[in-house]
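Working notes, beginning with the structure itself.
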Amino acid sequence: MPGTVLIGAQWGDEGKGKITDLLASEFDYVVRFQGGNNAGHTVIHGDRHLALHLIPSGVMYEDVVPVIGNGCVVDPRVLIDEMDGLEAGGISCERLLVSSHAQMIMPWHIALDGASETLLGDKLIGTTKRGIGPSYESKVARSGLRIGDLLEPDYFRERLEAELVVQNAILEKVYGLPGYDAGEVFDLYMGYAERIGSMICDTVTLVNVALEQGKRVFFEGAQGTLLDIDHGTYPFVTSSTTTAGGAITGTGAGIKHIDRVLGITKAYLTRVGSGPFPTELNDETGEFLGTEGAEFGVTTGRKRRCGWFDGVIIKYTARVNGLTDICLTKLDVLDKLEKIKICVAYDIDGKRVETLPDSLNAFSAAVPVYEEVDGWLESTAACRSFEELPANAQAYVRRIEEIAGVPVSIVAVGPDRDQTIIINPF
Ligand code: GDP
Ligand code: IMO
Ligand code: MG
């Protein structure tokens, strides 16, 4: 099992941090391949509570090399703060490596993220305002600054000056915001370089050589499939490839090395930010899921929208990611419900639809067709094997497996690393 990819199968916050931390000890490298500090990955083990935004969730293990891949966007200040926080808690970041090709988030990216959301008014995307979208825009426009540029100060300065001609014009003339001084930004980023310079390297060769030598590499996705720039609910998405393909482009790893793709999905569904959500519950059951599941964003603290499990979405994500395994998290959150609903299809203008609608308008019009099942009304938090789960909880897991057409290999019944049931080992 040389290369395993983990992705979010819904709209993010499925428990990717917990599962990455759980499996990381079996791997030599844990690599983030997209996104930036828009992510908030929670890792809990006993008294240890980590909220990671940029640093891979395998950082707790001394034998694991955490890598930030070329597909990520990195705010060096955030990276340094996160390293400081971990080190203050006794977790070493010495082994951390950052791809020289990762794009940098610059101060104007953050300013533009906020300004464009303000301009959108009630049509806003609800971004995390961390500069993610504008940084990826610069990458695709071929004007972005990469982390590796910090190692060549003259080249960095030249590119920075050229980029600020354009960015300052946009800031000042379009948004009426102040521009940036190239000298000041240069000095600031050279200060960052002093701290992180030694971590910057060619991670593409590193990861491929590791795989060729039979080392085990874990690819940790951020966000979720429905936030994917191509395959998500566009335009209410993030700006990167959150699906399994992103693990290849975002690290340069040869596709032949990947043999398992693990999709993380909650036993219900949440979303942060704007956009359609057919199974959303704006009632007391929605409130119950939010309270019981502690559904508040790790990055922005925003309340997450909650709803029933959506089988149409899981079938879609199983396809576009080529899932080989599913991990079902937060099953325990459903413990106190007498009846549980699973969406098995949509009703769109009187027609039954079992695949994800191709247009956002059709998706917005989708009315869920539910199957109702009996709850189990007992705590699952202490269950450590599938057989220990109450019969109705077992049936719920099996039903999701049947809908997805993919085996459920892991079930999580609480936030702690140990509150996990492994059905098919990794
Ligand atoms: P990520 O972004 O996918 O890593 O997920 P987040 O960390 O943003 O959100 C998941 C939240 O659910 C965190 O607070 C986790 O500690 C918590 N969590 C993960 N798995 C479980 C579980 O099985 N049961 C419960 N009750 N909480 C869980
Ligand atoms: P993790 O990795 C949930 C959402 C934002 C917004 C949209 C675009 O913790 O699952 P962006 O700042 O990326 O341009 O915002 O994407 N979003 C997330 N939602 N979990 C995340 O990450 C998210 N990262 C971004 O709320 O709707
Ligand atoms: Mg999260």
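Ordering of the structure tokens sets the chain letters (A, B, ...), residue numbers begin anew at 1 in every chain, and ligands are numbered from 1 in the order given.
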Which protein, DNA or RNA residues have an atom within 7 Å of ligand 1, counting only C-alpha atoms and all ligand atoms, as a PyMOL selection string?
chain A and resi 8+12-18+39-44+222-223+293-294+297-298+329-333+412-416+419
Per-residue DSSP, region 75-304 of chain A, filtered to strand (DSSP E), as a PyMOL selection string:
chain A and resi 97-99+103-104+200-201+217-220+258-266+269-271
Any idea what's packed within 10 Å of Gly252 (chain A), counting only C-alpha atoms, ignoring anything in its chain fewer than 4 positions away? Could you give it as a VMD selection string?
chain A and resid 33 69 to 71 203 to 208 246 to 248
Measuring atom to atom with only C-alpha atoms and all ligand atoms, identify which of A:Glu87, A:Glu295, A:Asp187, A:Glu161 is nearest to ligand 2.
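Counting only C-alpha atoms and all ligand atoms, the residue closest to ligand 2 is A:Glu295.
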Would you give me, as a count of residues only, the residues in region 55-217 of chain A that DSSP reads as helix (DSSP H, G or I)?
94
6 Å contact set for region 271-276 of chain A, only C-alpha atoms, chain neighbours under 6 positions out, as a PyMOL selection string
chain A and resi 11+125-126+236+304-305+364
Spatial neighbours of Asp228 (chain A), 10 Å, only C-alpha atoms, chain gap at least 5 places, as JSON, numbers by chain:
{"A": [11, 223, 233, 234, 235, 236, 237, 238, 239, 240, 241, 242, 243, 246]}
So that I can check the surroundings of Cys93 (chain A), please list as a PyMOL selection string every protein, DNA and RNA residue that reaches within 10 Å of it, counting only C-alpha atoms and ignoring chain neighbours fewer than 3 positions away.
chain A and resi 55+59-60+62+65-66+82-84+86-87+90+96-97+199
Which residues are close to Gln167 (chain A), i.e. within 10 Å by only C-alpha atoms, leaving aside same-chain residues fewer than 3 positions away? Reply as a ChimeraX atom specification.
/A:108-109,112,138,161-164,170-173,179-180
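Picture a line from CA of Thr324 (chain A) to CA of Val261 (chain A); it runs 5.2 Å.
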Taken to one decimal, the CA of Gln103 (chain A)-atom 10 (O, counted along the ligand's line) of ligand 2 distance is 19.9 Å
